[in-house]
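Quick look at target-v4.cif (mmCIF, C-alpha atoms):
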```cif
data_query
loop_
_atom_site.label_atom_id
_atom_site.label_comp_id
_atom_site.auth_asym_id
_atom_site.auth_seq_id
_atom_site.Cartn_x
_atom_site.Cartn_y
_atom_site.Cartn_z
CA MET A 1 0.00 0.00 0.00
CA THR A 2 1.29 3.47 -0.88
CA SER A 3 -0.08 5.17 2.20
CA GLN A 4 1.44 8.55 1.30
CA THR A 5 -0.93 8.94 -1.65
CA ILE A 6 -4.14 7.61 -0.10
CA THR A 7 -6.59 10.00 1.53
CA ALA A 8 -9.48 9.45 3.91
CA ALA A 9 -11.89 9.71 0.98
CA ALA A 10 -10.90 6.13 0.09
CA SER A 11 -12.81 4.90 3.14
CA GLY A 12 -16.16 6.16 1.85
CA THR A 13 -18.53 8.42 3.74
CA PHE A 14 -21.42 8.27 6.19
CA GLN A 15 -23.72 10.76 7.89
CA LEU A 16 -23.23 12.12 11.39
CA GLY A 17 -26.68 13.58 11.71
CA ASP A 18 -26.81 15.88 8.69
CA LEU A 19 -23.01 16.11 8.47
CA ARG A 20 -21.27 13.84 5.93
CA VAL A 21 -17.81 12.68 6.97
CA ASN A 22 -15.17 10.29 5.67
CA ARG A 23 -15.28 6.98 7.50
CA VAL A 24 -11.68 7.22 8.71
CA GLY A 25 -11.37 10.05 11.21
CA PHE A 26 -8.94 10.95 13.97
CA GLY A 27 -9.10 10.44 17.73
CA ALA A 28 -7.28 13.03 19.85
CA MET A 29 -6.96 11.06 23.12
CA ARG A 30 -3.29 10.16 22.60
CA LEU A 31 -2.28 13.52 21.15
CA PRO A 32 -1.42 15.52 24.33
CA GLN A 33 1.18 13.06 25.63
CA HIS A 34 3.60 10.26 24.85
CA GLY A 35 2.68 6.84 26.17
CA GLU A 36 -0.51 6.00 28.01
CA ALA A 37 -3.33 8.51 28.04
CA PHE A 38 -4.29 9.93 31.45
CA ALA A 39 -1.14 8.57 33.13
CA ALA A 40 -0.07 10.69 36.10
CA ASP A 41 3.53 10.77 34.86
CA ALA A 42 2.65 11.37 31.22
CA VAL A 43 5.28 13.22 29.20
CA PRO A 44 3.68 16.06 27.21
CA ARG A 45 4.00 15.73 23.45
CA ASP A 46 5.98 18.35 21.58
CA ARG A 47 3.50 21.07 20.58
CA ASP A 48 4.83 21.43 17.04
CA GLN A 49 4.66 17.68 16.52
CA ALA A 50 1.05 17.52 17.70
CA ILE A 51 0.03 20.48 15.57
CA GLY A 52 1.79 18.93 12.57
CA VAL A 53 -0.12 15.68 12.97
CA LEU A 54 -3.47 17.48 13.13
CA ARG A 55 -2.74 19.59 10.08
CA ARG A 56 -1.50 16.57 8.13
CA ALA A 57 -4.65 14.65 9.06
CA VAL A 58 -6.79 17.36 7.48
CA GLU A 59 -4.50 17.44 4.43
CA LEU A 60 -5.12 13.69 4.09
CA GLY A 61 -8.88 14.24 4.01
CA VAL A 62 -9.76 13.59 7.64
CA ASN A 63 -12.86 15.66 8.38
CA HIS A 64 -14.06 14.01 11.61
CA ILE A 65 -12.05 14.58 14.80
CA ASP A 66 -13.01 13.12 18.17
CA THR A 67 -11.88 14.94 21.30
CA ALA A 68 -12.83 15.88 24.87
CA ALA A 69 -11.95 18.57 27.40
CA PHE A 70 -10.60 15.83 29.69
CA TYR A 71 -8.01 14.84 27.08
CA PHE A 72 -5.02 16.65 28.52
CA SER A 73 -1.58 16.09 29.99
CA PRO A 74 0.72 18.49 31.84
CA ARG A 75 1.00 21.55 29.54
CA ARG A 76 -1.05 20.04 26.67
CA SER A 77 -4.80 20.04 25.95
CA ALA A 78 -6.21 18.19 22.95
CA ASN A 79 -8.91 20.80 22.44
CA GLU A 80 -6.50 23.71 22.51
CA LEU A 81 -4.09 21.91 20.17
CA ILE A 82 -6.98 21.39 17.73
CA ASN A 83 -7.93 25.06 18.02
CA GLN A 84 -4.38 26.26 17.41
CA ALA A 85 -3.68 23.82 14.58
CA LEU A 86 -6.92 24.04 12.63
CA GLY A 87 -8.64 27.31 13.46
CA PRO A 88 -10.26 28.96 11.60
CA TYR A 89 -11.82 25.59 10.91
CA PRO A 90 -12.50 24.20 7.41
CA ASP A 91 -16.20 24.29 6.58
CA ASP A 92 -16.40 20.50 6.23
CA LEU A 93 -14.57 19.65 9.47
CA VAL A 94 -16.74 17.93 12.09
CA ILE A 95 -15.48 18.00 15.67
CA ALA A 96 -17.14 15.63 18.13
CA THR A 97 -16.52 15.91 21.85
CA LYS A 98 -17.59 14.09 25.00
CA VAL A 99 -19.02 15.22 28.31
CA GLY A 100 -19.81 13.41 31.53
CA PRO A 101 -16.35 12.58 32.87
CA GLY A 102 -14.08 15.33 34.15
CA ARG A 103 -10.59 15.75 35.63
CA ASP A 104 -9.23 18.36 38.01
CA LEU A 105 -6.15 20.46 37.23
CA ALA A 106 -3.93 17.75 38.73
CA GLY A 107 -5.40 15.20 36.33
CA GLN A 108 -7.43 13.31 38.92
CA TRP A 109 -10.82 11.99 37.84
CA LEU A 110 -13.89 13.72 39.22
CA PRO A 111 -17.35 12.23 39.77
CA HIS A 112 -19.32 12.19 36.53
CA ALA A 113 -21.15 15.42 35.88
CA THR A 114 -24.67 15.97 37.13
CA PRO A 115 -27.30 17.31 34.72
CA GLU A 116 -26.63 20.80 36.12
CA GLN A 117 -22.85 20.46 35.58
CA LEU A 118 -23.10 19.36 31.96
CA ARG A 119 -23.69 22.91 30.73
CA GLY A 120 -20.36 23.96 32.26
CA GLN A 121 -18.61 21.09 30.48
CA VAL A 122 -20.20 22.06 27.17
CA GLU A 123 -19.14 25.69 27.66
CA GLU A 124 -15.59 24.58 28.50
CA ASN A 125 -15.39 22.66 25.22
CA LEU A 126 -16.72 25.70 23.37
CA ARG A 127 -14.09 27.94 24.98
CA GLN A 128 -11.17 25.58 24.37
CA LEU A 129 -12.14 24.87 20.78
CA GLY A 130 -12.97 28.50 20.02
CA ARG A 131 -16.44 27.78 18.67
CA ASP A 132 -19.92 29.17 19.15
CA HIS A 133 -21.52 25.73 18.89
CA LEU A 134 -20.38 22.10 19.00
CA ASP A 135 -21.00 19.80 16.02
CA VAL A 136 -21.50 16.64 18.07
CA VAL A 137 -21.59 16.11 21.84
CA ASN A 138 -21.51 12.55 23.15
CA LEU A 139 -22.75 11.78 26.66
CA ARG A 140 -20.16 9.37 28.06
CA ILE A 141 -21.54 7.18 30.84
CA VAL A 142 -20.51 4.42 33.20
CA GLY A 143 -22.95 1.80 34.43
CA THR A 144 -26.51 0.89 33.59
CA ASP A 145 -28.54 3.59 35.37
CA SER A 146 -31.02 5.85 33.60
CA ILE A 147 -29.50 8.62 31.48
CA ALA A 148 -32.76 10.52 31.00
CA GLU A 149 -31.94 13.55 33.16
CA ARG A 150 -28.41 13.98 31.80
CA PHE A 151 -29.39 13.43 28.17
CA GLY A 152 -32.34 15.73 28.67
CA ALA A 153 -30.00 18.46 29.90
CA LEU A 154 -27.95 18.12 26.70
CA ALA A 155 -31.14 18.12 24.63
CA ASP A 156 -31.99 21.49 26.20
CA LEU A 157 -28.57 22.83 25.15
CA ARG A 158 -29.22 21.51 21.65
CA GLU A 159 -32.50 23.42 21.56
CA ALA A 160 -30.59 26.51 22.72
CA GLY A 161 -28.25 26.22 19.73
CA LEU A 162 -25.06 25.28 21.60
CA ILE A 163 -25.04 21.74 20.19
CA ARG A 164 -25.90 20.57 16.69
CA HIS A 165 -26.11 16.80 17.23
CA LEU A 166 -26.15 14.48 20.22
CA GLY A 167 -24.53 11.10 20.66
CA LEU A 168 -23.87 8.48 23.32
CA SER A 169 -20.69 6.79 24.50
CA ASN A 170 -20.03 3.56 26.41
CA ILE A 171 -23.70 2.63 26.60
CA ARG A 172 -25.93 -0.42 26.82
CA HIS A 173 -28.75 -1.17 24.39
CA HIS A 174 -31.50 0.21 26.66
CA HIS A 175 -29.76 3.57 26.91
CA LEU A 176 -30.21 4.15 23.18
CA ALA A 177 -33.98 3.72 23.33
CA GLU A 178 -34.17 5.91 26.44
CA ALA A 179 -32.23 8.70 24.76
CA GLN A 180 -34.21 8.47 21.52
CA SER A 181 -37.41 9.14 23.45
CA ILE A 182 -35.89 12.52 24.37
CA ALA A 183 -33.96 13.70 21.29
CA PRO A 184 -32.43 12.28 18.08
CA VAL A 185 -29.18 10.29 18.49
CA ALA A 186 -26.65 10.85 15.71
CA CYS A 187 -24.00 8.38 16.83
CA VAL A 188 -22.98 5.75 19.35
CA GLN A 189 -19.38 5.43 20.57
CA ASN A 190 -18.65 2.04 22.10
CA MET A 191 -15.61 -0.18 22.44
CA TYR A 192 -15.40 -2.45 19.42
CA GLY A 193 -12.82 -4.38 17.43
CA ILE A 194 -11.54 -7.88 16.74
CA GLY A 195 -12.55 -9.93 19.76
CA ALA A 196 -15.83 -8.09 20.39
CA SER A 197 -18.63 -10.17 21.84
CA PRO A 198 -21.73 -11.28 19.90
CA GLU A 199 -23.74 -8.85 22.03
CA GLN A 200 -21.51 -5.98 20.94
CA LYS A 201 -21.91 -7.04 17.31
CA GLU A 202 -25.68 -7.15 17.72
CA PHE A 203 -25.69 -3.59 19.04
CA LEU A 204 -23.51 -2.42 16.14
CA ASP A 205 -26.01 -3.98 13.74
CA VAL A 206 -28.95 -2.29 15.51
CA CYS A 207 -27.28 1.07 14.95
CA GLY A 208 -26.82 0.21 11.27
CA GLU A 209 -30.48 -0.70 10.88
CA GLN A 210 -31.42 2.68 12.36
CA ARG A 211 -28.84 4.58 10.27
CA ILE A 212 -27.01 5.71 13.40
CA ALA A 213 -23.27 6.17 13.00
CA PHE A 214 -21.31 3.66 15.10
CA VAL A 215 -17.95 5.05 16.22
CA PRO A 216 -15.76 2.34 17.81
CA PHE A 217 -13.01 3.17 20.26
CA TYR A 218 -9.99 0.93 20.96
CA SER A 219 -10.46 -0.80 17.59
CA ILE A 220 -6.66 -0.88 17.22
CA ALA A 221 -5.67 -0.74 20.88
CA GLY A 222 -7.84 -3.70 21.86
CA ILE A 223 -6.74 -4.91 25.28
CA GLY A 224 -4.11 -2.16 25.27
CA ARG A 225 -6.89 0.42 25.71
CA THR A 226 -5.45 3.77 26.86
CA ALA A 227 -1.88 2.42 26.56
CA GLY A 228 -2.15 2.16 22.77
CA ALA A 229 -2.04 -0.58 20.15
CA THR A 230 -2.12 -4.12 21.44
CA THR A 231 0.70 -6.51 20.66
CA ASP A 232 -1.53 -9.51 21.34
CA HIS A 233 -2.26 -10.54 17.75
CA SER A 234 -3.45 -13.94 16.58
CA PRO A 235 -1.63 -15.93 13.88
CA GLN A 236 -4.53 -15.11 11.54
CA VAL A 237 -4.00 -11.36 11.96
CA HIS A 238 -0.26 -11.73 11.37
CA ALA A 239 -0.78 -13.87 8.26
CA ILE A 240 -3.29 -11.49 6.67
CA ALA A 241 -1.05 -8.51 7.45
CA ARG A 242 1.87 -10.21 5.70
CA ALA A 243 -0.30 -11.04 2.69
CA HIS A 244 -1.27 -7.38 2.26
CA GLY A 245 2.11 -5.96 3.22
CA VAL A 246 0.62 -3.88 6.02
CA SER A 247 0.82 -3.74 9.80
CA THR A 248 -1.29 -5.83 12.16
CA ALA A 249 -2.83 -2.58 13.43
CA GLN A 250 -4.05 -1.83 9.91
CA ILE A 251 -5.70 -5.26 9.70
CA ARG A 252 -7.50 -4.67 13.00
CA LEU A 253 -8.72 -1.29 11.75
CA ALA A 254 -9.71 -2.63 8.33
CA TRP A 255 -11.67 -5.46 9.93
CA THR A 256 -13.62 -2.94 12.01
CA LEU A 257 -14.45 -0.84 8.95
CA HIS A 258 -15.72 -3.98 7.22
CA GLN A 259 -18.40 -4.45 9.92
CA GLY A 260 -20.77 -1.97 8.29
CA SER A 261 -20.94 1.12 6.13
CA HIS A 262 -22.13 3.06 9.20
CA VAL A 263 -18.90 2.38 11.11
CA LEU A 264 -16.70 5.49 11.53
CA ALA A 265 -13.18 4.79 12.76
CA ILE A 266 -11.30 7.29 14.95
CA PRO A 267 -7.76 5.89 15.36
CA GLY A 268 -5.44 8.22 17.19
CA THR A 269 -1.69 8.79 17.02
CA GLY A 270 0.97 11.41 17.48
CA ASP A 271 3.13 9.93 14.72
CA LEU A 272 2.94 11.08 11.09
CA GLY A 273 3.83 7.64 9.75
CA HIS A 274 1.13 5.91 11.76
CA LEU A 275 -1.34 8.60 10.72
CA ALA A 276 -0.68 7.88 7.04
CA GLN A 277 -1.09 4.15 7.68
CA ASN A 278 -4.37 4.65 9.51
CA VAL A 279 -5.77 6.81 6.73
CA ALA A 280 -4.57 4.38 4.04
CA THR A 281 -6.40 1.53 5.76
CA GLY A 282 -9.62 2.95 4.40
CA SER A 283 -8.65 1.57 0.98
CA LEU A 284 -7.70 -1.89 2.30
CA HIS A 285 -10.10 -4.58 1.10
CA LEU A 286 -10.30 -7.83 3.03
CA THR A 287 -11.54 -10.83 1.08
CA GLU A 288 -14.39 -13.04 2.23
CA ASP A 289 -11.86 -15.78 3.01
CA GLU A 290 -9.86 -13.36 5.16
CA LEU A 291 -12.95 -12.19 7.00
CA THR A 292 -13.90 -15.83 7.55
CA ALA A 293 -10.44 -16.55 8.94
CA LEU A 294 -10.82 -13.69 11.42
CA ALA A 295 -14.41 -14.59 12.35
CA PRO A 296 -13.54 -17.08 15.16
CA LEU A 297 -11.62 -14.32 16.94
CA HIS A 298 -14.86 -12.38 17.18
CA HIS A 299 -16.13 -14.63 19.95
CA LYS A 300 -13.27 -13.91 22.33
CA THR A 301 -13.27 -11.18 24.91
CA ALA A 302 -11.83 -7.87 23.71
#
```
Is it possible to express this structure as structure tokens?
Amino acid sequence: MTSQTITAAASGTFQLGDLRVNRVGFGAMRLPQHGEAFAADAVPRDRDQAIGVLRRAVELGVNHIDTAAFYFSPRRSANELINQALGPYPDDLVIATKVGPGRDLAGQWLPHATPEQLRGQVEENLRQLGRDHLDVVNLRIVGTDSIAERFGALADLREAGLIRHLGLSNIRHHHLAEAQSIAPVACVQNMYGIGASPEQKEFLDVCGEQRIAFVPFYSIAGIGRTAGATTDHSPQVHAIARAHGVSTAQIRLAWTLHQGSHVLAIPGTGDLGHLAQNVATGSLHLTEDELTALAPLHHKTA
């Protein structure tokens, strides 16, 4: 694969609400630091390097960036890097952020925001990104409790014009129906990749049937999660990567994109070479035999 010449347009497009984006986007979680995200001893990434990666992503056709105000390390904030690198923003650039979790100035996690606190989190994202409205705001949750009050608070901010589209992150099936009874849901962000459970696959398919964008996180990282790409690859993944002359990470990402036309990938990196590989994966076609070879892995725990 000649990744230097392939743009995100090769991945095809899908709708985020009324916003059409290329299916390979960019996740900003790993951008503010080297190594594991949210680590107390994280080493801040060089500002020029981070800005260069963001600008190159847009040059390569990436028009969907996922971020959050709680993506920061000492001296670096993903939102402020995005603002500095890309503002004034291209007309077709969609920036999605998340609210719910929060961290104090020392980086320690705070209790998830109450309905009353969500407005402050939305306004903080607006300030950091330098925008008068947010394209997409995902309510990130933990647990199985009702989300009606919190999602309702975001729906009020949508009605007020501060938010264009609403989404959900890290949810169970019943949360989607609960949210849809309050306001339209443009996307669902859940963990998904090779090794996902049948229940996770069923939920992905439900989103496809309803034309809701499904945005998987950790599709490359797998069990590595916030630490980055997993090194725990099966012989099948290695063999298919060799056959295509690509990395195992690219096979994991390509497999995820093959799960439905409504799947929007958001791989993150602070490395220009890895960025080009991630974008180029949108043109990687896996054969039916290769997908069949990877299918048994789908029943393991991610």
For the structure provided, state which residues fall under the PyMOL selection byres ((chain A and resi 187-199) around 8), and present them as a ChimeraX atom specification. /A:16-17,138,166-171,185-186,200-203,207,212-220,222,252-253,255-256,294,297-302
So, counting all atoms listed in the file, which residue among A:Asn83, A:His285, A:Gln250, A:Arg45 is closest to Arg127 (chain A)? A:Asn83
Here is a test: counting all atoms listed in the file, which residue of A:Ala155, A:Val142, A:Val24, A:Ile163 is nearest to His175 (chain A)? A:Val142
Could you tell me how far CA of Gly130 (chain A) sits from CA of Gly270 (chain A), in Å to one decimal place?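 Taking CA of Gly270 (chain A) and CA of Gly130 (chain A), their separation equals 22.2 Å.
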For CA of Ala10 (chain A) and CA of Leu31 (chain A), quote the distance in Å rounded to one decimal.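 Calculated distance between CA of Ala10 (chain A) and CA of Leu31 (chain A) is 23.9 Å.
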To one decimal place, how far is CA of Gly282 (chain A) from CA of Arg242 (chain A) in Å?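 So the answer is 17.5 Å.
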Name the residues within 8 Å of (-5.3, -12.5, 11.1), counting all atoms listed in the file in the file's coordinates, and put them as JSON, numbers by chain. {"A": [233, 234, 235, 236, 237, 238, 239, 240, 241, 248, 251, 290, 293, 294]}
Report as lines of an AutoDock Vina configuration file the centre and the edge lengths, in Å to one decimal, of the axis-aligned box holding every listed atom of region 83-87 of chain A, padded by 3 Å on each side.
```
center_x = -6.2
center_y = 25.6
center_z = 15.3
size_x = 11.0
size_y = 9.5
size_z = 11.4
```
If the PyMOL selection byres ((chain A and resi 272) around 10) is run on the structure shown, which residues does it catch, given as a ChimeraX atom specification? /A:49-50,52-54,56-57,269-271,273-278
Could you check which of A:Gly61, A:Ser146, A:Arg20, A:Ala39 is closest to Ala280 (chain A), using only C-alpha atoms?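 Closest residue, counting only C-alpha atoms: A:Gly61.
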Check what the PyMOL selection byres ((chain A and resi 149) around 10) selects in the file above and give those residues as an mmCIF file with C-alpha atoms, in the frame of the given file.
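The result, stored in out15.cif:
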```cif
data_model
loop_
_atom_site.group_PDB
_atom_site.id
_atom_site.type_symbol
_atom_site.label_atom_id
_atom_site.label_comp_id
_atom_site.auth_asym_id
_atom_site.auth_seq_id
_atom_site.Cartn_x
_atom_site.Cartn_y
_atom_site.Cartn_z
ATOM 1 C CA THR A 114 -24.670 15.970 37.130
ATOM 2 C CA PRO A 115 -27.300 17.310 34.720
ATOM 3 C CA GLU A 116 -26.630 20.800 36.120
ATOM 4 C CA SER A 146 -31.020 5.850 33.600
ATOM 5 C CA ILE A 147 -29.500 8.620 31.480
ATOM 6 C CA ALA A 148 -32.760 10.520 31.000
ATOM 7 C CA ARG A 150 -28.410 13.980 31.800
ATOM 8 C CA PHE A 151 -29.390 13.430 28.170
ATOM 9 C CA GLY A 152 -32.340 15.730 28.670
ATOM 10 C CA ALA A 153 -30.000 18.460 29.900
ATOM 11 C CA LEU A 154 -27.950 18.120 26.700
ATOM 12 C CA ALA A 155 -31.140 18.120 24.630
ATOM 13 C CA ALA A 179 -32.230 8.700 24.760
ATOM 14 C CA ILE A 182 -35.890 12.520 24.370
#
```
Which residues, written as a list of chain:residue names, have at least one atom at most 8 Å from Ile65 (chain A), with only C-alpha atoms counted and residues fewer than 3 positions away on the same chain left out?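 Here the qualifying residues turn out to be A:Gly25, A:Phe26, A:Gly27, A:Ala28, A:Val62, A:Leu93, A:Val94, A:Ile95, A:Ala96, A:Ile266.
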Store the residues picked out above, limited to C-alpha atoms, as a PDB file, in the frame of the given file.
```
ATOM      1  CA  GLY A  25     -11.370  10.050  11.210  1.00  0.00           C
ATOM      2  CA  PHE A  26      -8.940  10.950  13.970  1.00  0.00           C
ATOM      3  CA  GLY A  27      -9.100  10.440  17.730  1.00  0.00           C
ATOM      4  CA  ALA A  28      -7.280  13.030  19.850  1.00  0.00           C
ATOM      5  CA  VAL A  62      -9.760  13.590   7.640  1.00  0.00           C
ATOM      6  CA  LEU A  93     -14.570  19.650   9.470  1.00  0.00           C
ATOM      7  CA  VAL A  94     -16.740  17.930  12.090  1.00  0.00           C
ATOM      8  CA  ILE A  95     -15.480  18.000  15.670  1.00  0.00           C
ATOM      9  CA  ALA A  96     -17.140  15.630  18.130  1.00  0.00           C
ATOM     10  CA  ILE A 266     -11.300   7.290  14.950  1.00  0.00           C
TER      11      ILE A 266
END
```
